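Single-structure report; data block below.
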Amino acid sequence: MSPPKAPTARPQLDPDEILAALNPPQQEAVRHVDGPLLILAGAGSGKTRVLAHRVAHLVASGVPPYQIVAVTFTNKAAGEMRDRIAGLIGAQATREATIGTFHAICARILRREGERTGLTRNFTIYDRADQLAVIKESLRRLDLDDKRFAPAALLVFIGQRKDELADPATAMRQATGFWEETGARVYEAYQRQLAESDAVDFDDLLLRVVLLFEQHPDVLARYQRRWTYLLVDEYQDTNRAQYRLCRLLAAVHHNLAVVGDDDQSIYSWRGADLRNILDFERDWPDATVVKLEQNYRSTQTILDAAHAIVSRLAGRKDKRLWTDRGAGAAVSIFDAYNEYEEAEFVARQVERLASSADRRRGWAGLLTRRADDAPAADAADGASGPLRFGDIAVAYRVNAQSRVLEEAFMRFGIPYQLVGGVRFYERREVKDALAYARLARNPADRVALERVINVPARGIGDKTVSELRAWADGRDATLWAAVEAATENANLATRSRAALAGFAELIRGLVTVAAGEPASSVLEACLERSGLRAALEDGSEEGEERWANLVELRNHAAEFDEVAAPEGLARFLEEVALVSDQDTLEERPDRVTLITLHAAKGLEFPIVFMVGLEEGLLPYARALDDERELEEERRLTYVGMTRAKDRLFLVHARHRSAWGSGGVEVEPSRFLADLPEDLLEVGGGRRGPSGLGWVRDGGTDDGSGTTPTVWGRIRPGLEPLRPERLPDLDLGSGTFGRTIPVASGEAATEATGEAAAAEATPPELAWRAGDKVRHRRFGDGIVVTSQWVSGDEEVTVAFAGHGVRRLVGSYAGLERIDGR
DNA sequence: TTACGGAGTGCTGAG
DNA sequence: CACTCCGTAA
């Protein structure tokens, strides 16, 4: 996303050549030049390819590259798009096009035009943690109780208002009830504080550009002239602000091409509005619609299974994916006793799949379980080479599920990489260092200032900071102004004044460095002068590790050194603020990828394990009482399944522990029951009547010999994970778990000495999963599970807005609000 | 002002 | 279990 350069001479491209390698619908999408275009692109239908070829075709047809803007969902996707386009039209011409995420493009626009809206070009982008700090400060200023008005809930409230393009006044007008009125007041205070800090949050990046365009038609007209061809990827995940942005930019020329798949819409919780794609044809009556239904990624079996999940959605755009790759292997279901066995199963399968024997013979043999079908050869992308760890991904609903998997992989010595989780930029020392860097550019950044004013400790305690706040509040000044004026502040102790003078001097020095030195030098100065380095180098192993992180941070900053000061630092901070989890994913051929289902969107792997297919996890507990949310869980399941190219494993456990407590019994996901039996092979678990209509009797291997199934047998010489939690694995005759001593309808019992005691407890539980209840404090919720714990019933309830709570039955005073 | 330990509490998802 | 918050002692 370098600044546009004057168009340069470029090699002549032949439009027909660009079309050559595409199928007919793809060609239609690429050949379409003027007017609105909706590309309904199913998973794996080659949409990135179509987008890239479309850009190339536009250029070949005479559109100057700088008039093209392509919007992607992540920076990583932008990079891939850029590479692909460069492969077609050359790097030189590609550099002239604008390719990036909505957020990055808007940040760039605001950097250039923001002064009309009261921002300086030094503005800071606040992340979620910063936002929470601002909300807490706003609550303090309004003298509100953060118990009654939970910062996280307010953040959601404010975010929703912004997604709808509602300002604080509008939010106040539309407020229903006291809580929302208060929310609107907090919203107003929050915005005021952002303005004081010369900062914007993620939503503001979009919102402010929309407002800028709406209030300054001249600016809008300039961008309309500049960008005459718009391409938007992942259109199903756009929110109202992004939608409005598209409409504004395309209002004159109508050259808006969007690509999306309503089946893959999984971000409604952050404002994505499915109507944007469903109503595209109504918004643009002259729209051309192209459906891409040929899939180049998965086997037909995987596609059929995935279709069974998604075909039950109401009001979806009708489409069905097909492939000419052949049926391929059955989808494998594994029924584990608990999450430890689940993880062990995955690890063992990974080990087996990547074993040297399989590697030598290639792994085509693994893909031909259904004998009537031709081998699922895929010469096109070379998938038939030796299988590597990097060909395997394990996907799960929530990050917390990764831990048990990591433990199992470590045990088995399987290399893995984790996407998401504790992110690099969220580590404390990294945030501290970045706070200094932010202050070096923008000392008004109050969140950064409060973060590091006493880090490392320099004798500026809470009392001193409170006095500074009072000084600033009384004068309507920034906290930084209060720091600078501290030497004249009689309310401060002499010692505090001295400490503050030192701190002010430190920041002023950093500001000077930031004005003229490259980004890495600024980082260097931040680390050294602040004392961060000295504080970390205390000889401890932890300190050493943290220091290593800061060195990495500085090295990353050095990548921006070629950009002249002060822009280099600005670019660095902007990129750091806008990186996504997916952006941090490296293509490591030697590592298994552990990833959330959300982050896995847009990726593909030859082999995918989806774990935790259980009621309460997928679908997630909080979605159980809401049909729309359930549909989103369904789409999320679909997204996960369609990541798999050749082999898909769906794994669920019968018992799962939640935050430290022992395992409770869980039901298999309803989505499993939607899968056609003839596409599946089932392993693990108890045989026979199990309440699962789809469980097949008999063993797990069909005897064809092409799938060397070893399920149900613990590997000799390897102790089971957490043996105390597992039933007698190695006594099971070919299958796991025999019969587990759990009375029907009753709570889970560990397969330990506790079992006997638990079995003696009275079995009548007042509550069961799915019951709708009301609690006097938490409001309405849904029972996730209920079990006997030391003589009382422990009810776990998911409350709307209050999270999942465990309550003691006899005290909770739960009220049944409907149903049984 | 800081360091420590115990208590309390929370797990969607993410730019 | 893993984090943050809070009170207390140094």
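Starting from 1 in every chain, residues are counted up; chains themselves are A, B, ... following the order of the structure tokens, and ligands are numbered from 1 as listed.
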Could you give me the residues within stretch 545-700 of chain A that DSSP places in helix (DSSP H, G or I), as a PDB file with N, CA and C atoms, in the first residue's frame?
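File written: result27.pdb
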ATOM      1  N   GLU A 545      13.386 -13.751  28.339  1.00  0.00           N
ATOM      2  CA  GLU A 545      12.411 -14.067  27.308  1.00  0.00           C
ATOM      3  C   GLU A 545      11.687 -12.792  26.857  1.00  0.00           C
ATOM      4  N   ARG A 546      11.335 -11.987  27.849  1.00  0.00           N
ATOM      5  CA  ARG A 546      10.619 -10.748  27.517  1.00  0.00           C
ATOM      6  C   ARG A 546      11.511  -9.789  26.748  1.00  0.00           C
ATOM      7  N   TRP A 547      12.748  -9.746  27.146  1.00  0.00           N
ATOM      8  CA  TRP A 547      13.659  -8.873  26.418  1.00  0.00           C
ATOM      9  C   TRP A 547      13.795  -9.344  24.970  1.00  0.00           C
ATOM     10  N   ALA A 548      13.839 -10.656  24.805  1.00  0.00           N
ATOM     11  CA  ALA A 548      13.927 -11.202  23.449  1.00  0.00           C
ATOM     12  C   ALA A 548      12.723 -10.754  22.614  1.00  0.00           C
ATOM     13  N   ASN A 549      11.566 -10.701  23.242  1.00  0.00           N
ATOM     14  CA  ASN A 549      10.383 -10.223  22.521  1.00  0.00           C
ATOM     15  C   ASN A 549      10.555  -8.781  22.070  1.00  0.00           C
ATOM     16  N   LEU A 550      11.175  -7.984  22.933  1.00  0.00           N
ATOM     17  CA  LEU A 550      11.350  -6.570  22.589  1.00  0.00           C
ATOM     18  C   LEU A 550      12.383  -6.407  21.474  1.00  0.00           C
ATOM     19  N   VAL A 551      13.383  -7.249  21.486  1.00  0.00           N
ATOM     20  CA  VAL A 551      14.353  -7.212  20.389  1.00  0.00           C
ATOM     21  C   VAL A 551      13.635  -7.540  19.073  1.00  0.00           C
ATOM     22  N   GLU A 552      12.754  -8.523  19.152  1.00  0.00           N
ATOM     23  CA  GLU A 552      11.987  -8.893  17.964  1.00  0.00           C
ATOM     24  C   GLU A 552      11.130  -7.717  17.494  1.00  0.00           C
ATOM     25  N   LEU A 553      10.547  -7.041  18.465  1.00  0.00           N
ATOM     26  CA  LEU A 553       9.710  -5.884  18.131  1.00  0.00           C
ATOM     27  C   LEU A 553      10.537  -4.816  17.421  1.00  0.00           C
ATOM     28  N   ARG A 554      11.731  -4.565  17.973  1.00  0.00           N
ATOM     29  CA  ARG A 554      12.573  -3.544  17.361  1.00  0.00           C
ATOM     30  C   ARG A 554      12.986  -3.959  15.950  1.00  0.00           C
ATOM     31  N   ASN A 555      13.282  -5.241  15.789  1.00  0.00           N
ATOM     32  CA  ASN A 555      13.649  -5.715  14.453  1.00  0.00           C
ATOM     33  C   ASN A 555      12.502  -5.543  13.466  1.00  0.00           C
ATOM     34  N   HIS A 556      11.304  -5.760  13.971  1.00  0.00           N
ATOM     35  CA  HIS A 556      10.148  -5.559  13.100  1.00  0.00           C
ATOM     36  C   HIS A 556      10.042  -4.084  12.703  1.00  0.00           C
ATOM     37  N   ALA A 557      10.297  -3.219  13.671  1.00  0.00           N
ATOM     38  CA  ALA A 557      10.243  -1.777  13.386  1.00  0.00           C
ATOM     39  C   ALA A 557      11.266  -1.405  12.317  1.00  0.00           C
ATOM     40  N   ALA A 558      12.388  -2.119  12.337  1.00  0.00           N
ATOM     41  CA  ALA A 558      13.459  -1.796  11.387  1.00  0.00           C
ATOM     42  C   ALA A 558      13.008  -1.992   9.942  1.00  0.00           C
ATOM     43  N   GLU A 567       7.179   9.364   9.154  1.00  0.00           N
ATOM     44  CA  GLU A 567       6.225   8.422   8.584  1.00  0.00           C
ATOM     45  C   GLU A 567       6.522   6.965   8.924  1.00  0.00           C
ATOM     46  N   GLY A 568       7.810   6.656   9.040  1.00  0.00           N
ATOM     47  CA  GLY A 568       8.194   5.272   9.283  1.00  0.00           C
ATOM     48  C   GLY A 568       7.567   4.722  10.554  1.00  0.00           C
ATOM     49  N   LEU A 569       7.725   5.486  11.622  1.00  0.00           N
ATOM     50  CA  LEU A 569       7.148   5.063  12.897  1.00  0.00           C
ATOM     51  C   LEU A 569       5.623   4.986  12.794  1.00  0.00           C
ATOM     52  N   ALA A 570       5.052   5.947  12.086  1.00  0.00           N
ATOM     53  CA  ALA A 570       3.594   5.962  11.929  1.00  0.00           C
ATOM     54  C   ALA A 570       3.121   4.693  11.242  1.00  0.00           C
ATOM     55  N   ARG A 571       3.812   4.323  10.180  1.00  0.00           N
ATOM     56  CA  ARG A 571       3.453   3.102   9.454  1.00  0.00           C
ATOM     57  C   ARG A 571       3.583   1.879  10.341  1.00  0.00           C
ATOM     58  N   PHE A 572       4.680   1.849  11.077  1.00  0.00           N
ATOM     59  CA  PHE A 572       4.921   0.720  11.972  1.00  0.00           C
ATOM     60  C   PHE A 572       3.789   0.597  12.992  1.00  0.00           C
ATOM     61  N   LEU A 573       3.465   1.698  13.644  1.00  0.00           N
ATOM     62  CA  LEU A 573       2.426   1.647  14.672  1.00  0.00           C
ATOM     63  C   LEU A 573       1.077   1.291  14.062  1.00  0.00           C
ATOM     64  N   GLU A 574       0.835   1.795  12.872  1.00  0.00           N
ATOM     65  CA  GLU A 574      -0.428   1.492  12.218  1.00  0.00           C
ATOM     66  C   GLU A 574      -0.514   0.005  11.880  1.00  0.00           C
ATOM     67  N   GLU A 575       0.564  -0.517  11.367  1.00  0.00           N
ATOM     68  CA  GLU A 575       0.525  -1.936  11.018  1.00  0.00           C
ATOM     69  C   GLU A 575       0.347  -2.800  12.260  1.00  0.00           C
ATOM     70  N   VAL A 576       1.067  -2.419  13.305  1.00  0.00           N
ATOM     71  CA  VAL A 576       0.975  -3.183  14.542  1.00  0.00           C
ATOM     72  C   VAL A 576      -0.458  -3.157  15.087  1.00  0.00           C
ATOM     73  N   ALA A 577      -1.104  -2.003  14.948  1.00  0.00           N
ATOM     74  CA  ALA A 577      -2.471  -1.894  15.470  1.00  0.00           C
ATOM     75  C   ALA A 577      -3.447  -2.726  14.654  1.00  0.00           C
ATOM     76  N   LEU A 578      -3.131  -2.943  13.396  1.00  0.00           N
ATOM     77  CA  LEU A 578      -4.109  -3.581  12.512  1.00  0.00           C
ATOM     78  C   LEU A 578      -3.766  -5.018  12.131  1.00  0.00           C
ATOM     79  N   GLN A 582      -4.631 -13.976  11.856  1.00  0.00           N
ATOM     80  CA  GLN A 582      -4.308 -14.700  10.630  1.00  0.00           C
ATOM     81  C   GLN A 582      -3.038 -14.192   9.989  1.00  0.00           C
ATOM     82  N   ASP A 583      -2.806 -12.885  10.167  1.00  0.00           N
ATOM     83  CA  ASP A 583      -1.605 -12.316   9.565  1.00  0.00           C
ATOM     84  C   ASP A 583      -0.348 -12.919  10.156  1.00  0.00           C
ATOM     85  N   THR A 584      -0.463 -13.400  11.396  1.00  0.00           N
ATOM     86  CA  THR A 584       0.723 -13.931  12.057  1.00  0.00           C
ATOM     87  C   THR A 584       0.972 -15.386  11.672  1.00  0.00           C
ATOM     88  N   LEU A 597     -11.841 -21.833  14.513  1.00  0.00           N
ATOM     89  CA  LEU A 597     -12.621 -21.934  13.285  1.00  0.00           C
ATOM     90  C   LEU A 597     -12.734 -20.570  12.617  1.00  0.00           C
ATOM     91  N   HIS A 598     -12.871 -19.527  13.420  1.00  0.00           N
ATOM     92  CA  HIS A 598     -12.989 -18.198  12.821  1.00  0.00           C
ATOM     93  C   HIS A 598     -11.725 -17.821  12.052  1.00  0.00           C
ATOM     94  N   ALA A 599     -10.592 -18.054  12.692  1.00  0.00           N
ATOM     95  CA  ALA A 599      -9.338 -17.661  12.048  1.00  0.00           C
ATOM     96  C   ALA A 599      -9.026 -18.534  10.840  1.00  0.00           C
ATOM     97  N   ALA A 600      -9.654 -19.712  10.785  1.00  0.00           N
ATOM     98  CA  ALA A 600      -9.350 -20.634   9.691  1.00  0.00           C
ATOM     99  C   ALA A 600     -10.041 -20.238   8.390  1.00  0.00           C
ATOM    100  N   ALA A 621     -22.540 -22.547  23.767  1.00  0.00           N
ATOM    101  CA  ALA A 621     -23.648 -22.454  24.727  1.00  0.00           C
ATOM    102  C   ALA A 621     -24.454 -21.173  24.558  1.00  0.00           C
ATOM    103  N   ARG A 622     -23.776 -20.092  24.283  1.00  0.00           N
ATOM    104  CA  ARG A 622     -24.483 -18.819  24.239  1.00  0.00           C
ATOM    105  C   ARG A 622     -25.367 -18.678  23.016  1.00  0.00           C
ATOM    106  N   ALA A 623     -25.205 -19.581  22.082  1.00  0.00           N
ATOM    107  CA  ALA A 623     -26.022 -19.487  20.871  1.00  0.00           C
ATOM    108  C   ALA A 623     -27.273 -20.354  20.963  1.00  0.00           C
ATOM    109  N   GLU A 627     -32.121 -18.562  17.474  1.00  0.00           N
ATOM    110  CA  GLU A 627     -32.121 -19.249  16.183  1.00  0.00           C
ATOM    111  C   GLU A 627     -31.074 -18.658  15.232  1.00  0.00           C
ATOM    112  N   ARG A 628     -30.949 -17.344  15.256  1.00  0.00           N
ATOM    113  CA  ARG A 628     -29.983 -16.704  14.350  1.00  0.00           C
ATOM    114  C   ARG A 628     -28.552 -17.070  14.708  1.00  0.00           C
ATOM    115  N   GLU A 629     -28.307 -17.084  16.000  1.00  0.00           N
ATOM    116  CA  GLU A 629     -26.954 -17.442  16.423  1.00  0.00           C
ATOM    117  C   GLU A 629     -26.657 -18.902  16.140  1.00  0.00           C
ATOM    118  N   LEU A 630     -27.691 -19.729  16.283  1.00  0.00           N
ATOM    119  CA  LEU A 630     -27.503 -21.144  15.952  1.00  0.00           C
ATOM    120  C   LEU A 630     -27.139 -21.306  14.482  1.00  0.00           C
ATOM    121  N   GLU A 631     -27.781 -20.503  13.661  1.00  0.00           N
ATOM    122  CA  GLU A 631     -27.462 -20.570  12.230  1.00  0.00           C
ATOM    123  C   GLU A 631     -26.023 -20.167  11.985  1.00  0.00           C
ATOM    124  N   GLU A 632     -25.554 -19.205  12.753  1.00  0.00           N
ATOM    125  CA  GLU A 632     -24.165 -18.794  12.567  1.00  0.00           C
ATOM    126  C   GLU A 632     -23.197 -19.899  12.997  1.00  0.00           C
ATOM    127  N   GLU A 633     -23.567 -20.617  14.061  1.00  0.00           N
ATOM    128  CA  GLU A 633     -22.735 -21.749  14.479  1.00  0.00           C
ATOM    129  C   GLU A 633     -22.707 -22.808  13.369  1.00  0.00           C
ATOM    130  N   ARG A 634     -23.822 -22.963  12.740  1.00  0.00           N
ATOM    131  CA  ARG A 634     -23.930 -23.919  11.640  1.00  0.00           C
ATOM    132  C   ARG A 634     -23.000 -23.492  10.496  1.00  0.00           C
ATOM    133  N   ARG A 635     -23.036 -22.232  10.183  1.00  0.00           N
ATOM    134  CA  ARG A 635     -22.151 -21.743   9.116  1.00  0.00           C
ATOM    135  C   ARG A 635     -20.689 -21.900   9.515  1.00  0.00           C
ATOM    136  N   LEU A 636     -20.418 -21.681  10.799  1.00  0.00           N
ATOM    137  CA  LEU A 636     -19.046 -21.832  11.283  1.00  0.00           C
ATOM    138  C   LEU A 636     -18.581 -23.280  11.113  1.00  0.00           C
ATOM    139  N   THR A 637     -19.473 -24.202  11.377  1.00  0.00           N
ATOM    140  CA  THR A 637     -19.168 -25.618  11.176  1.00  0.00           C
ATOM    141  C   THR A 637     -18.860 -25.874   9.701  1.00  0.00           C
ATOM    142  N   TYR A 638     -19.674 -25.265   8.860  1.00  0.00           N
ATOM    143  CA  TYR A 638     -19.473 -25.400   7.413  1.00  0.00           C
ATOM    144  C   TYR A 638     -18.107 -24.845   7.001  1.00  0.00           C
ATOM    145  N   VAL A 639     -17.790 -23.675   7.504  1.00  0.00           N
ATOM    146  CA  VAL A 639     -16.495 -23.073   7.184  1.00  0.00           C
ATOM    147  C   VAL A 639     -15.368 -24.022   7.568  1.00  0.00           C
ATOM    148  N   GLY A 640     -15.474 -24.595   8.766  1.00  0.00           N
ATOM    149  CA  GLY A 640     -14.427 -25.503   9.219  1.00  0.00           C
ATOM    150  C   GLY A 640     -14.294 -26.717   8.306  1.00  0.00           C
ATOM    151  N   MET A 641     -15.424 -27.327   7.993  1.00  0.00           N
ATOM    152  CA  MET A 641     -15.380 -28.550   7.180  1.00  0.00           C
ATOM    153  C   MET A 641     -14.799 -28.287   5.799  1.00  0.00           C
ATOM    154  N   ARG A 670     -25.429 -31.377  17.543  1.00  0.00           N
ATOM    155  CA  ARG A 670     -26.565 -31.647  16.667  1.00  0.00           C
ATOM    156  C   ARG A 670     -26.136 -31.669  15.200  1.00  0.00           C
ATOM    157  N   PHE A 671     -25.040 -30.980  14.904  1.00  0.00           N
ATOM    158  CA  PHE A 671     -24.615 -30.926  13.503  1.00  0.00           C
ATOM    159  C   PHE A 671     -24.140 -32.293  13.015  1.00  0.00           C
ATOM    160  N   LEU A 672     -23.603 -33.091  13.927  1.00  0.00           N
ATOM    161  CA  LEU A 672     -23.155 -34.424  13.518  1.00  0.00           C
ATOM    162  C   LEU A 672     -24.327 -35.256  13.015  1.00  0.00           C
ATOM    163  N   ALA A 673     -25.472 -35.040  13.656  1.00  0.00           N
ATOM    164  CA  ALA A 673     -26.639 -35.834  13.279  1.00  0.00           C
ATOM    165  C   ALA A 673     -27.157 -35.465  11.891  1.00  0.00           C
ATOM    166  N   GLU A 677     -25.165 -40.710   6.686  1.00  0.00           N
ATOM    167  CA  GLU A 677     -24.376 -41.811   7.232  1.00  0.00           C
ATOM    168  C   GLU A 677     -23.414 -42.405   6.213  1.00  0.00           C
ATOM    169  N   ASP A 678     -23.831 -42.432   4.956  1.00  0.00           N
ATOM    170  CA  ASP A 678     -22.982 -43.107   3.970  1.00  0.00           C
ATOM    171  C   ASP A 678     -21.721 -42.332   3.624  1.00  0.00           C
ATOM    172  N   LEU A 679     -21.567 -41.135   4.191  1.00  0.00           N
ATOM    173  CA  LEU A 679     -20.336 -40.378   3.950  1.00  0.00           C
ATOM    174  C   LEU A 679     -19.348 -40.558   5.087  1.00  0.00           C
TER     175      LEU A 679
END
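What chain B places within 10 Å of chain A, counting only C-alpha atoms (C1' of nucleotides), is DT1, DT2, DG10, DC11, DT12, DG13, DA14 and DG15 of chain B.
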What are the closest atom pairs, with distances in Å to one decimal, for all residues of chain C lying within 12 Å of chain A? Consider only C-alpha atoms (C1' of nucleotides), order rows by chain and residue number, and present the result as JSON lines.
{"residue": "C:DC1", "atom": "C1'", "partner": "A:Gly660", "partner_atom": "CA", "distance": 4.9}
{"residue": "C:DA2", "atom": "C1'", "partner": "A:Trp659", "partner_atom": "CA", "distance": 9.3}
{"residue": "C:DC3", "atom": "C1'", "partner": "A:Trp659", "partner_atom": "CA", "distance": 11.9}
Legend entry - Interatomic distance, atom CA of A:Lys317 to atom CA of A:Val651 (Å, one decimal): 29.1 Å
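Residues in contact range of B:DA3, defined as at most 12 Å between only C-alpha atoms (C1' of nucleotides), with sequence neighbours fewer than 4 positions away removed, read DT8, DA9 and DA10 of chain C.
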Legend entry - atom CA of A:Arg121 to atom CA of A:Glu505, straight-line distance in Å: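 Between atom CA of A:Glu505 and atom CA of A:Arg121 the gap works out to 23.5 Å.
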